Structure formats: structure tokens, C-alpha cells
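Encoded as C-alpha cells, the structure appears first; notes follow it.
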Amino acid sequence: MMARSCMNLLDLVSGDILNFPPSPRALPRVMTVPGIISDVDGKEHSGDDLSDPSLEYSQKIIVVANNLPLNAQKDQNSGRWCFSYDEDSIFLQLKDGLPSKTKVVYVGSLDVDVDASEQENVSLELLQKFSCVPTFLPSELQKQFYDGFCKQILWTLFHYMLPLYPDHCNRFDRSLWQAYVSANKIFADKVREVIDPECDYVWIHDYHLMVLPTFLRRRYIRVKLGFFLHSPFPSSEIYRSLPVRDEILKSLLNVDLIGFHTFDYARHFLSCCSRMLGLEYESKRGYIGLEYFGRTVYIKIWPVGIHMSKLQSALDHPSSSVKGREIYEQFRGKKLILGVDDMDIFQGISLKLLALEKLLEQHSYLRGELILVQIVNPSRSTGKDVEETKKEIHITAKRINERFGTPGYEPVIIIDHPLPFHEKTAYYALADCCIVNAVRDGMNLIPYKYIVCRQGSPKMDEALEIASESPRTSALVVSEFIGCSPSLSGAIRVNPWNIDAVSDAMYLAIRMPSEEKHLRHEKHYRYVSSHDVAYWARSFMQDLERASKDHYSKRCWGIGFGMSFRVLFLSPSFRKLSMDHIVSAYKRTNQRAIFLDYDGTIVPKNSIVKSPSPEVISVLNNLCSDTKNTVFIVSGRGKTSLGEWFHECKDLGIAAEHGYLIRWGKQSSWESSPVNTDLGWKMITEPVMRHYTEATDGSYIEAKESALVWHYYDAAHDFGTWQAIELLDHLENVLANEPVIVKKGQYIVEVKPQGITKGLVTEQVLSTLTNNGKTPDFVLCIGDDRSDEDMFESISTKTFTSPTEIFACTVGQKPSKARFYLDDTVDVMMLLQVLAAASEGSS
């Protein structure tokens, strides 16, 4: 029986889980430089080659999207396929923003079904003539992938529609998720046919391919990956309802750069990463950086633009001016409001019609003068909801026309058949106002097209009887729930659900003075013309180059299984601690200093029982019994708990509260650090922390001799984080003149005296040993968190009078000042047992 877990789907899709036929034979590799491309791409995991070969070669970009930028048609007589570029495709248009020498290869699906017997010949033709690699998905897989998971699950969820009941939206179906993963795997296989992983850039587009990054990163660890989402990204409250939410987030984090249309979409994504994966992010000189296993995943906001020259060419086309003249005569003397929307449930067309109805009710003099032309583009999806939406639009339009229409006048004109682009430009150029009333949309470029067309052209001006020197005007009413809204500061923004407000906005737009329309238009046109699709593509690729520039300066490993696969980037000198190496050094040395953190190092952090096990006590006693050893537990915990837990270890040194209190053995007394012993600041700190504790359910204060710590691990995540930031700022202000450090850690805010660090402990112990004639020739330091980094830095930078074996070791593979790592507390205990055995064997 197939496992229901989705964690191993990378392995499942390699099998025959959906009984789909194999893809056609692989295409020949596309060469970017003369030579032979090795077939061992997957062996680059070792990370030994730290030079960046991409600097030597011309650039190639692989653009991966659900659809290729092609038109395909089969000649019925000859039976041959005819292909041509789709000039309207944004993926084709983005080439204008790339350097002329850049080679662009497209990977995606065709809009037509190609028989299996023809697929190989078609693939070769498309690669040679169009630099396109088709991904032929079997029809059943295509249906489950696109119509199923993409449109029924992701698209609806990303547009804020939850599957509350079956008739409202499709419930999650794991077989559709498996089809989604399988389809992404096929896309990955096609990318592999044309990629040079050391040189090429891969730019993945939209929600159809959100797990593709994991497949590519798993195969090519240093591949330069970018992803752009063309749809909204929902708030965490919506996104968290997706059963495979973590798998998709982790896959997206396998890219180097993620682009969103608006800050809201980026903010929602970051909130999901914080709440569901516990990741932290920060602003980095215009970027937002997410730290993920030693890598920085960059997040940036790029609203996509339009193709200016294409629009201007369409305006200059004779067909446009002819159609423009025809429309001008048809609506002479009327005020024209234009709507251009796709036929789907999120475009708010019915709401727009209701607002028009309200407008005609309230302002009767507009009857006979005002016309709304609503162009409805063909639907990209099918289903009961689309049919019901279409039916509602026509019923509403019919009611308005019957109520306010007169012979020769209809206030609503619905155009629901495909309209040539030159005809649309004519409507744009003539319309007094354009309204986009979508309740949720990713970007929506209709307002941009309207603005450019309102700028006009000589031929269109002549057709519409507009003087060439006359000021250009436009009026926009846009929903606040569409991606282009933030960039159109001169538009009238509306809540599409508020019928009265939309009606008022339409009235304001058509009654606006020409001078104001001109000023708003000029402002919009400057932005749209300078932030076109070429600017968008150029900016994205420049930032992708910067985001991936460190790929060859660090060592990297692939870790994790299935959709939890990720890449760990570490310093070239960072490696796992060899047992043989350290035991050899241990045996040949005579004065040894061993420093061990407690939580997360010798006891698992997530352990319910915090006290040390008998095994831990035994191994520490064995180490301490060797007269050549000085062993210290260095912890942030208080002296009471540490003293009780290790009362059986008479020769064990303990440094409590990060070194504020130290004792050299059970018979020794506790010594306080001489650094900043004035604790008067506690009288200021405690009331402030208590105030935030009372206001934050789940938080509490831990009082240590040297520090006060505010814990909020059990508080609501977002509220706790918010309160922690406020508390940090509050304490920094009130303690500005006190000799303390205020810092925010993992679910804590801590105030402690300046100069109290674990690094100071190691310096003090090593100096004391040296002064007593016991200069260490072996130093081992093991820890797992940020406070232990001070110890690693201290022993690594200390100058010893004689040759010394130094082993700074962190627990877990992560960026660290330590040169070595062990995987977990089990490895740590194994090491300590081996060292203890070496002591016994040498005695």
C-alpha cells in the first residue's frame, strides 16, 4: 500500500504511481560553450570546486513556465504542425530586458495535444527553431495537475476562497497533489536536458511550479534559481489551511530569489515562513533576507509592466484607427466607461454592474449619456462557478438595460466574445474612465494598457478628432485588492464590495475636471512607461545574479528527504569532527581543557526532562577522573539547578548564567564575576517586564542572579513577537545609561550585565590554568547556540605559548565560528564516551 505521507513524494514520483507513460526521449543538451558536458551533474554535492566558472561563459537563462510562448496549429491538409511565437506572452516579452547576447531557452507545455508518435520530432523542431523545450504531460496527468490541483486548489486558495463546503470550492485531494508533484518532476527532467548547472540561470514562473525548485536543487546544489509569483499570496490565516503548506514553503525556499508583485504578497509569504517554519527575516539594503540553513533567500517586490512598443504599434496600426473611428461615431456625445476583465469569479463584474445601477438611480441626468462597455475575455478555467458568474452578469445587465434603457440607448454593453487586440486598444483610447473592480487579482495590467492608449498616437488622434497638442487625460477606478493598485497613486481606489463607494467613485471619475485628469494621467504615464516589462525582467535578473554570487565561495550539502530537502551552505573550512582525529590528539596531549554547553549539547533541547541522565553523569565523572583534564559545564542556567543536577560530579567545574557565577568543583565556592557587579538596573527592568507579562498571555519572567529574562515561547506567535520587539525597544530606552546589554534571542528578551559572556569563562579558565603552570595543549569546546559562539571565538583567537590542539565544535550543521560540527546530542555523548575510554585505556 502506498504511504499517505507526502514527505517522500520525490521518491514516489519516480515510480509508476499514476500509471502515466514515460516522456519522449531526452533532447540533446544545449551547449553554451564548446566542449563536452558531463553527465555527472548530480555529483557536485561535494562542494570541492569553489571557483565560479559562470564568469567565463556567456549567459543563458532558462525560463520555466506552465505554457510556452508559442502558438500552435495543425494543418488539416498536410497534417503538419505550424508554430509561431505568441507576441502577447509576457515570457517572450521579457527578453527585451535582457542583454542582447543572452540566450533564452523556454521550458513549458503547449496549448495543444500532440500525439506521442509526433512528440520527438516536435521537440527537436521547437528546440532548433524557437529555443523551446515542450513538456508533454499525459492528458490525464495534465487534467489532474492543471484543472485539478492548480485551478481547484491553489488558484482558489490564493484568491482567498476556502473549501468550506463541496459546492463552494473543491476540497483537498491527495491524488491531485501527487499529480502536481509528478508534473513538476517532468518539468524538472526537461530542464535537465538543456541546463549547464554551473553557468545557467533558471527563472521559474507562477504557482503551477512551486515544487520545481526542490527537484532542481536536489539535482544541482549550486544552480542559480529565481522564482516569480504572478498571483496573490494569501495571508497566513488562509495559507495555513493548505495540508501541504510546509512542503510548498520549503520548496520555494530552495531558490535564491523570490519576486512578488506587491509588498502585501511578500509580507504574507514572510509571515507564513515565520509562523509555520520559525524562520527570521530582516531588511538588507532594499532587500528582505530570509536566513535558511546558511543561505540568504532574498525577497523583493517587482510589479510587472507592459510591453510599451507593442501597445504603441497596435495604436498606430490602421485597423486600430479604423475601429477607433467606428466606436467614436457609435458613442458620439456619450461618456464611456470601460471594463476589461477575464470571465472568472474574482473579477467583480457583477459588483461593477450593481454600482452602475446605483449611479443611474442617484443621477437620473446621466441616463442616456453614460455607457459602460464591459469586455469579457474568455475564461481560463471551467466549472459551475464560472457558468453561474456568466449567467449572473447577463441577467444583471439585462435588468439595467430594461430599467434605464431607451430606444437607441443601452447603458450596459456586454462584449463576451474574443476581441482582437487592435479593437481593445481603440476602446481604451476612447474611454473617459476605466474601472477594474476585481475582488482579488495578482497584478492586472488593464489600467496600464488604458493609460498608454490614452496617451494616443497621431493616427488614433486623427480618428478620434483629438488635437495632437491637447493635454492627455485619463480616469481610473481600481480595486484596492489588485496588485497594480499601490503603483497607481492617482487612481481612485475602492473596496469592490462597497457598491455605494464604487458608484461614487465612478461618478467622481466622469465628473473630474480635465486639469485634474491631466495631472493624474501624467503621473501614471511616467510610471508605466519607465517600469515596463523590460525594466521588470532586467531588474529581476540583475538581482538574481547578486543573490547567487556566493554559490562558489562556500561548501554546501544537500540534506533532508522528499519535500523537506534543503541545501546547507557553510564555510569551506567547516567539516564534521573526526573521531579518529580528536582521539589521536587527545592521547598525545597532557593538559586538556574541555568546555561543554548544557541544553542542546549534552541534553536535547526538546527534552521534557531537563536534568542530566545517569549516562551523562557517568561520562563526565570518567572525564574528570583523568588528572590531565579540566572539564567545565558552561550554561545560561542558574547555579541552583546546575549545582543540584551535578552534585555527584565532585571535580566538575560549572559556569552558571553564562559565566557570571563560577565554581571549580563541588568543594569550591561560587565566585561572582568581577565585571559589572552593580545590579541596580533590575529595579528598573523588572516592573517593565512585569507590565508586558500581564499583557501577554503565555509569557513569564525568569529571574537569575545576574539577569532577567522574559520568555514568550508559549504566547501567540505573532503577538508574542510583536510584544518582544516593543519590550526590547522599551528596555533599550529606559536602560540606555545602565551597564547592561538588552538582547532578543529565540523567544526571549534578556537583560544582563555588559561583559558577561561564555567567552569570558574560557579566557578566565585558560588563564588560570596557565598561571598555575598547566598550560593546555588540548582545548575542546562544544555548544549549540549563539551564546556559545563567544566561546568558539575566544579559544580560536587566543594565543597559546606552546602548540595547542584546538577543537571548536557546534552541534548541528549550521553557520558557526566553530571549525567542526557534530550532528546532535547523540554524537556529542558518543564523542565524550570515546574520550573517556581513551583516558581509561591510557591509565
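FYI, nothing fancy with the C-alpha cells labels: chains A, B, ... in order, residues from 1 per chain, ligands from 1 as they appear.
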- Within 10 Å of Lys798 of chain A, counting only C-alpha atoms, which residues show up once you throw out same-chain ones fewer than 2 positions away? Write them as a count of residues only, please. 9
Can you pull out every residue within 12 Å of Glu291 of chain A, counting only C-alpha atoms, but drop anything in the same chain fewer than 3 positions away, and send it as a PDB file with N, CA, C and O atoms, in the first residue's frame?
ATOM      1  N   LEU A 253      11.779  27.984  -0.714  1.00  0.00           N
ATOM      2  CA  LEU A 253      12.996  28.438  -0.037  1.00  0.00           C
ATOM      3  C   LEU A 253      14.249  27.794  -0.614  1.00  0.00           C
ATOM      4  O   LEU A 253      15.359  28.121  -0.197  1.00  0.00           O
ATOM      5  N   ASN A 254      14.094  26.905  -1.577  1.00  0.00           N
ATOM      6  CA  ASN A 254      15.254  26.340  -2.277  1.00  0.00           C
ATOM      7  C   ASN A 254      15.719  27.223  -3.421  1.00  0.00           C
ATOM      8  O   ASN A 254      16.692  26.886  -4.099  1.00  0.00           O
ATOM      9  N   ASP A 256      17.034  31.154  -4.866  1.00  0.00           N
ATOM     10  CA  ASP A 256      17.894  32.223  -4.356  1.00  0.00           C
ATOM     11  C   ASP A 256      17.141  33.544  -4.236  1.00  0.00           C
ATOM     12  O   ASP A 256      17.470  34.372  -3.395  1.00  0.00           O
ATOM     13  N   LEU A 270       6.310  35.966   4.057  1.00  0.00           N
ATOM     14  CA  LEU A 270       7.247  36.004   5.183  1.00  0.00           C
ATOM     15  C   LEU A 270       6.552  35.611   6.488  1.00  0.00           C
ATOM     16  O   LEU A 270       7.151  34.928   7.331  1.00  0.00           O
ATOM     17  N   CYS A 273       6.359  31.882   6.567  1.00  0.00           N
ATOM     18  CA  CYS A 273       7.665  31.290   6.888  1.00  0.00           C
ATOM     19  C   CYS A 273       7.974  31.436   8.373  1.00  0.00           C
ATOM     20  O   CYS A 273       8.555  30.540   8.990  1.00  0.00           O
ATOM     21  N   SER A 274       7.582  32.560   8.952  1.00  0.00           N
ATOM     22  CA  SER A 274       7.832  32.799  10.372  1.00  0.00           C
ATOM     23  C   SER A 274       6.946  31.923  11.241  1.00  0.00           C
ATOM     24  O   SER A 274       7.422  31.251  12.171  1.00  0.00           O
ATOM     25  N   LEU A 277       7.418  27.842   9.876  1.00  0.00           N
ATOM     26  CA  LEU A 277       8.758  27.253   9.846  1.00  0.00           C
ATOM     27  C   LEU A 277       9.690  27.876  10.882  1.00  0.00           C
ATOM     28  O   LEU A 277      10.826  27.439  11.019  1.00  0.00           O
ATOM     29  N   GLY A 278       9.219  28.903  11.588  1.00  0.00           N
ATOM     30  CA  GLY A 278      10.037  29.527  12.625  1.00  0.00           C
ATOM     31  C   GLY A 278      11.224  30.304  12.094  1.00  0.00           C
ATOM     32  O   GLY A 278      12.219  30.489  12.805  1.00  0.00           O
ATOM     33  N   LEU A 279      11.157  30.797  10.861  1.00  0.00           N
ATOM     34  CA  LEU A 279      12.287  31.498  10.254  1.00  0.00           C
ATOM     35  C   LEU A 279      12.233  32.986  10.565  1.00  0.00           C
ATOM     36  O   LEU A 279      11.163  33.570  10.715  1.00  0.00           O
ATOM     37  N   GLU A 280      13.406  33.597  10.634  1.00  0.00           N
ATOM     38  CA  GLU A 280      13.505  35.027  10.875  1.00  0.00           C
ATOM     39  C   GLU A 280      13.949  35.723   9.596  1.00  0.00           C
ATOM     40  O   GLU A 280      14.667  35.148   8.775  1.00  0.00           O
ATOM     41  N   TYR A 281      13.546  36.964   9.425  1.00  0.00           N
ATOM     42  CA  TYR A 281      13.931  37.721   8.244  1.00  0.00           C
ATOM     43  C   TYR A 281      14.268  39.145   8.657  1.00  0.00           C
ATOM     44  O   TYR A 281      13.870  39.623   9.719  1.00  0.00           O
ATOM     45  N   GLU A 282      15.012  39.830   7.808  1.00  0.00           N
ATOM     46  CA  GLU A 282      15.384  41.204   8.087  1.00  0.00           C
ATOM     47  C   GLU A 282      15.620  41.949   6.783  1.00  0.00           C
ATOM     48  O   GLU A 282      15.869  41.341   5.744  1.00  0.00           O
ATOM     49  N   SER A 283      15.519  43.262   6.861  1.00  0.00           N
ATOM     50  CA  SER A 283      15.750  44.092   5.692  1.00  0.00           C
ATOM     51  C   SER A 283      17.244  44.248   5.473  1.00  0.00           C
ATOM     52  O   SER A 283      17.999  44.453   6.431  1.00  0.00           O
ATOM     53  N   LYS A 284      17.666  44.121   4.208  1.00  0.00           N
ATOM     54  CA  LYS A 284      19.087  44.207   3.885  1.00  0.00           C
ATOM     55  C   LYS A 284      19.286  45.135   2.696  1.00  0.00           C
ATOM     56  O   LYS A 284      19.318  44.703   1.543  1.00  0.00           O
ATOM     57  N   ILE A 288      14.693  42.061   1.341  1.00  0.00           N
ATOM     58  CA  ILE A 288      14.305  41.358   2.556  1.00  0.00           C
ATOM     59  C   ILE A 288      14.986  40.002   2.492  1.00  0.00           C
ATOM     60  O   ILE A 288      14.869  39.281   1.498  1.00  0.00           O
ATOM     61  N   GLY A 294      22.051  28.611   6.441  1.00  0.00           N
ATOM     62  CA  GLY A 294      23.297  29.185   5.959  1.00  0.00           C
ATOM     63  C   GLY A 294      23.167  29.966   4.680  1.00  0.00           C
ATOM     64  O   GLY A 294      24.119  30.630   4.254  1.00  0.00           O
ATOM     65  N   ARG A 295      22.003  29.907   4.047  1.00  0.00           N
ATOM     66  CA  ARG A 295      21.750  30.661   2.827  1.00  0.00           C
ATOM     67  C   ARG A 295      20.849  31.850   3.148  1.00  0.00           C
ATOM     68  O   ARG A 295      20.042  31.789   4.057  1.00  0.00           O
ATOM     69  N   THR A 296      20.994  32.902   2.366  1.00  0.00           N
ATOM     70  CA  THR A 296      20.050  34.007   2.437  1.00  0.00           C
ATOM     71  C   THR A 296      19.149  33.930   1.220  1.00  0.00           C
ATOM     72  O   THR A 296      19.616  34.037   0.082  1.00  0.00           O
ATOM     73  N   VAL A 297      17.869  33.700   1.449  1.00  0.00           N
ATOM     74  CA  VAL A 297      16.883  33.708   0.370  1.00  0.00           C
ATOM     75  C   VAL A 297      16.349  35.134   0.286  1.00  0.00           C
ATOM     76  O   VAL A 297      15.779  35.649   1.246  1.00  0.00           O
ATOM     77  N   TYR A 298      16.569  35.773  -0.855  1.00  0.00           N
ATOM     78  CA  TYR A 298      16.182  37.168  -0.999  1.00  0.00           C
ATOM     79  C   TYR A 298      14.732  37.283  -1.491  1.00  0.00           C
ATOM     80  O   TYR A 298      14.293  36.544  -2.367  1.00  0.00           O
ATOM     81  N   ILE A 299      14.024  38.228  -0.902  1.00  0.00           N
ATOM     82  CA  ILE A 299      12.633  38.514  -1.263  1.00  0.00           C
ATOM     83  C   ILE A 299      12.587  39.952  -1.766  1.00  0.00           C
ATOM     84  O   ILE A 299      13.125  40.857  -1.130  1.00  0.00           O
ATOM     85  N   VAL A 567      19.352  22.819   1.166  1.00  0.00           N
ATOM     86  CA  VAL A 567      20.794  22.903   0.981  1.00  0.00           C
ATOM     87  C   VAL A 567      21.402  23.673   2.135  1.00  0.00           C
ATOM     88  O   VAL A 567      20.877  24.710   2.549  1.00  0.00           O
ATOM     89  N   LEU A 568      22.485  23.146   2.646  1.00  0.00           N
ATOM     90  CA  LEU A 568      23.203  23.786   3.745  1.00  0.00           C
ATOM     91  C   LEU A 568      24.470  24.423   3.195  1.00  0.00           C
ATOM     92  O   LEU A 568      25.288  23.742   2.574  1.00  0.00           O
ATOM     93  N   PHE A 569      24.626  25.733   3.367  1.00  0.00           N
ATOM     94  CA  PHE A 569      25.813  26.461   2.922  1.00  0.00           C
ATOM     95  C   PHE A 569      26.682  26.781   4.144  1.00  0.00           C
ATOM     96  O   PHE A 569      26.197  27.378   5.101  1.00  0.00           O
ATOM     97  N   LYS A 814      25.275  24.079  10.696  1.00  0.00           N
ATOM     98  CA  LYS A 814      24.762  25.445  10.565  1.00  0.00           C
ATOM     99  C   LYS A 814      25.929  26.410  10.551  1.00  0.00           C
ATOM    100  O   LYS A 814      27.041  26.052  10.954  1.00  0.00           O
ATOM    101  N   PRO A 815      25.732  27.630  10.076  1.00  0.00           N
ATOM    102  CA  PRO A 815      26.815  28.619  10.088  1.00  0.00           C
ATOM    103  C   PRO A 815      27.307  28.853  11.509  1.00  0.00           C
ATOM    104  O   PRO A 815      26.522  28.996  12.432  1.00  0.00           O
TER     105      PRO A 815
END
- Task: Mind the document's chain letters and residue numbers, and return as number ranges by chain the residues of segment 219-397 of chain A that DSSP labels strand (DSSP E).
- Result: A: 224-228, 257-260, 281-284, 287-292, 295-301, 335-342, 370-377
Just-selected residues, N, CA and C atoms written as a compact mmCIF listing (two decimals), in the first residue's frame:
# COMPACT_ATOMS: atom_id res chain seq x y z
N LYS A 224 21.53 28.34 -10.04
CA LYS A 224 21.09 29.71 -9.75
C LYS A 224 19.59 29.81 -10.06
N LEU A 225 18.79 29.88 -9.02
CA LEU A 225 17.34 29.74 -9.16
C LEU A 225 16.60 31.00 -8.74
N GLY A 226 15.69 31.44 -9.60
CA GLY A 226 14.79 32.52 -9.24
C GLY A 226 13.35 32.08 -9.45
N PHE A 227 12.45 32.66 -8.68
CA PHE A 227 11.02 32.33 -8.78
C PHE A 227 10.22 33.61 -8.71
N PHE A 228 9.22 33.74 -9.60
CA PHE A 228 8.33 34.90 -9.54
C PHE A 228 6.89 34.41 -9.48
N LEU A 257 16.13 33.72 -5.08
CA LEU A 257 15.41 34.99 -5.12
C LEU A 257 13.94 34.72 -5.43
N ILE A 258 13.05 35.32 -4.64
CA ILE A 258 11.61 35.19 -4.87
C ILE A 258 11.04 36.58 -5.10
N GLY A 259 10.29 36.74 -6.19
CA GLY A 259 9.69 38.02 -6.51
C GLY A 259 8.18 38.01 -6.35
N PHE A 260 7.65 39.13 -5.84
CA PHE A 260 6.21 39.31 -5.69
C PHE A 260 5.81 40.65 -6.31
N TYR A 281 13.55 36.96 9.43
CA TYR A 281 13.93 37.72 8.24
C TYR A 281 14.27 39.15 8.66
N GLU A 282 15.01 39.83 7.81
CA GLU A 282 15.38 41.20 8.09
C GLU A 282 15.62 41.95 6.78
N SER A 283 15.52 43.26 6.86
CA SER A 283 15.75 44.09 5.69
C SER A 283 17.24 44.25 5.47
N LYS A 284 17.67 44.12 4.21
CA LYS A 284 19.09 44.21 3.89
C LYS A 284 19.29 45.13 2.70
N TYR A 287 16.52 44.94 0.21
CA TYR A 287 16.02 43.58 0.07
C TYR A 287 15.44 43.13 1.40
N ILE A 288 14.69 42.06 1.34
CA ILE A 288 14.30 41.36 2.56
C ILE A 288 14.99 40.00 2.49
N GLY A 289 15.75 39.67 3.51
CA GLY A 289 16.52 38.43 3.51
C GLY A 289 15.98 37.43 4.52
N LEU A 290 15.78 36.20 4.07
CA LEU A 290 15.37 35.10 4.94
C LEU A 290 16.57 34.18 5.14
N GLU A 291 16.98 33.98 6.37
CA GLU A 291 18.10 33.09 6.64
C GLU A 291 17.59 31.66 6.71
N TYR A 292 18.17 30.81 5.86
CA TYR A 292 17.67 29.44 5.75
C TYR A 292 18.85 28.50 5.57
N ARG A 295 22.00 29.91 4.05
CA ARG A 295 21.75 30.66 2.83
C ARG A 295 20.85 31.85 3.15
N THR A 296 20.99 32.90 2.37
CA THR A 296 20.05 34.01 2.44
C THR A 296 19.15 33.93 1.22
N VAL A 297 17.87 33.70 1.45
CA VAL A 297 16.88 33.71 0.37
C VAL A 297 16.35 35.13 0.29
N TYR A 298 16.57 35.77 -0.86
CA TYR A 298 16.18 37.17 -1.00
C TYR A 298 14.73 37.28 -1.49
N ILE A 299 14.02 38.23 -0.90
CA ILE A 299 12.63 38.51 -1.26
C ILE A 299 12.59 39.95 -1.77
N LYS A 300 11.95 40.15 -2.93
CA LYS A 300 11.87 41.52 -3.43
C LYS A 300 10.54 41.74 -4.14
N ILE A 301 10.16 43.01 -4.22
CA ILE A 301 8.88 43.38 -4.81
C ILE A 301 9.13 44.02 -6.17
N LYS A 335 -20.63 59.57 -22.56
CA LYS A 335 -19.48 59.33 -21.67
C LYS A 335 -19.30 57.82 -21.56
N LEU A 336 -18.10 57.36 -21.88
CA LEU A 336 -17.84 55.93 -21.97
C LEU A 336 -16.98 55.45 -20.80
N ILE A 337 -17.52 54.51 -20.05
CA ILE A 337 -16.76 53.81 -19.01
C ILE A 337 -16.43 52.43 -19.54
N LEU A 338 -15.17 52.02 -19.39
CA LEU A 338 -14.72 50.75 -19.96
C LEU A 338 -14.31 49.78 -18.86
N GLY A 339 -14.73 48.54 -19.03
CA GLY A 339 -14.26 47.45 -18.17
C GLY A 339 -13.75 46.33 -19.05
N VAL A 340 -12.57 45.82 -18.74
CA VAL A 340 -11.99 44.68 -19.46
C VAL A 340 -11.56 43.66 -18.42
N ASP A 341 -12.22 42.51 -18.42
CA ASP A 341 -11.95 41.53 -17.37
C ASP A 341 -12.02 40.11 -17.93
N ASP A 342 -11.29 39.21 -17.28
CA ASP A 342 -11.45 37.79 -17.58
C ASP A 342 -12.77 37.30 -17.00
N LEU A 370 -24.53 58.10 -20.22
CA LEU A 370 -23.46 57.26 -19.69
C LEU A 370 -23.60 55.82 -20.20
N ILE A 371 -22.49 55.25 -20.67
CA ILE A 371 -22.49 53.88 -21.17
C ILE A 371 -21.30 53.14 -20.58
N LEU A 372 -21.57 51.94 -20.09
CA LEU A 372 -20.49 51.04 -19.63
C LEU A 372 -20.32 49.94 -20.68
N VAL A 373 -19.14 49.88 -21.28
CA VAL A 373 -18.80 48.79 -22.20
C VAL A 373 -17.95 47.80 -21.42
N GLN A 374 -18.48 46.63 -21.25
CA GLN A 374 -17.79 45.59 -20.49
C GLN A 374 -17.30 44.50 -21.45
N ILE A 375 -15.98 44.46 -21.65
CA ILE A 375 -15.36 43.42 -22.48
C ILE A 375 -15.00 42.25 -21.56
N VAL A 376 -15.51 41.07 -21.90
CA VAL A 376 -15.27 39.88 -21.08
C VAL A 376 -14.36 38.94 -21.85
N ASN A 377 -13.13 38.78 -21.38
CA ASN A 377 -12.19 37.85 -22.02
C ASN A 377 -12.61 36.41 -21.73
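Coordinates place atom CA of Glu387 of chain A at a distance of 20.1 Å from atom CA of Leu164 of chain A.
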- Write out as an NGL selection string all residues of segment 556-724 of chain A that backbone DSSP assigns to helix (DSSP H, G or I). :A and (562-564 or 579-587 or 614-624 or 639-645 or 657-659 or 682-695 or 717-724)
- Counting only C-alpha atoms, the option among A:Ala116, A:Tyr747, A:Pro739, A:Ile602 closest to Asp714 of chain A: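 Ranking A:Ala116, A:Tyr747, A:Pro739, A:Ile602 by distance to Asp714 of chain A, first place goes to A:Tyr747.
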- For the atom pair atom CA of Trp497 of chain A and atom CA of Arg403 of chain A, what is the interatomic distance in Å to one decimal place?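 Between atom CA of Trp497 of chain A and atom CA of Arg403 of chain A the gap works out to 22.7 Å.
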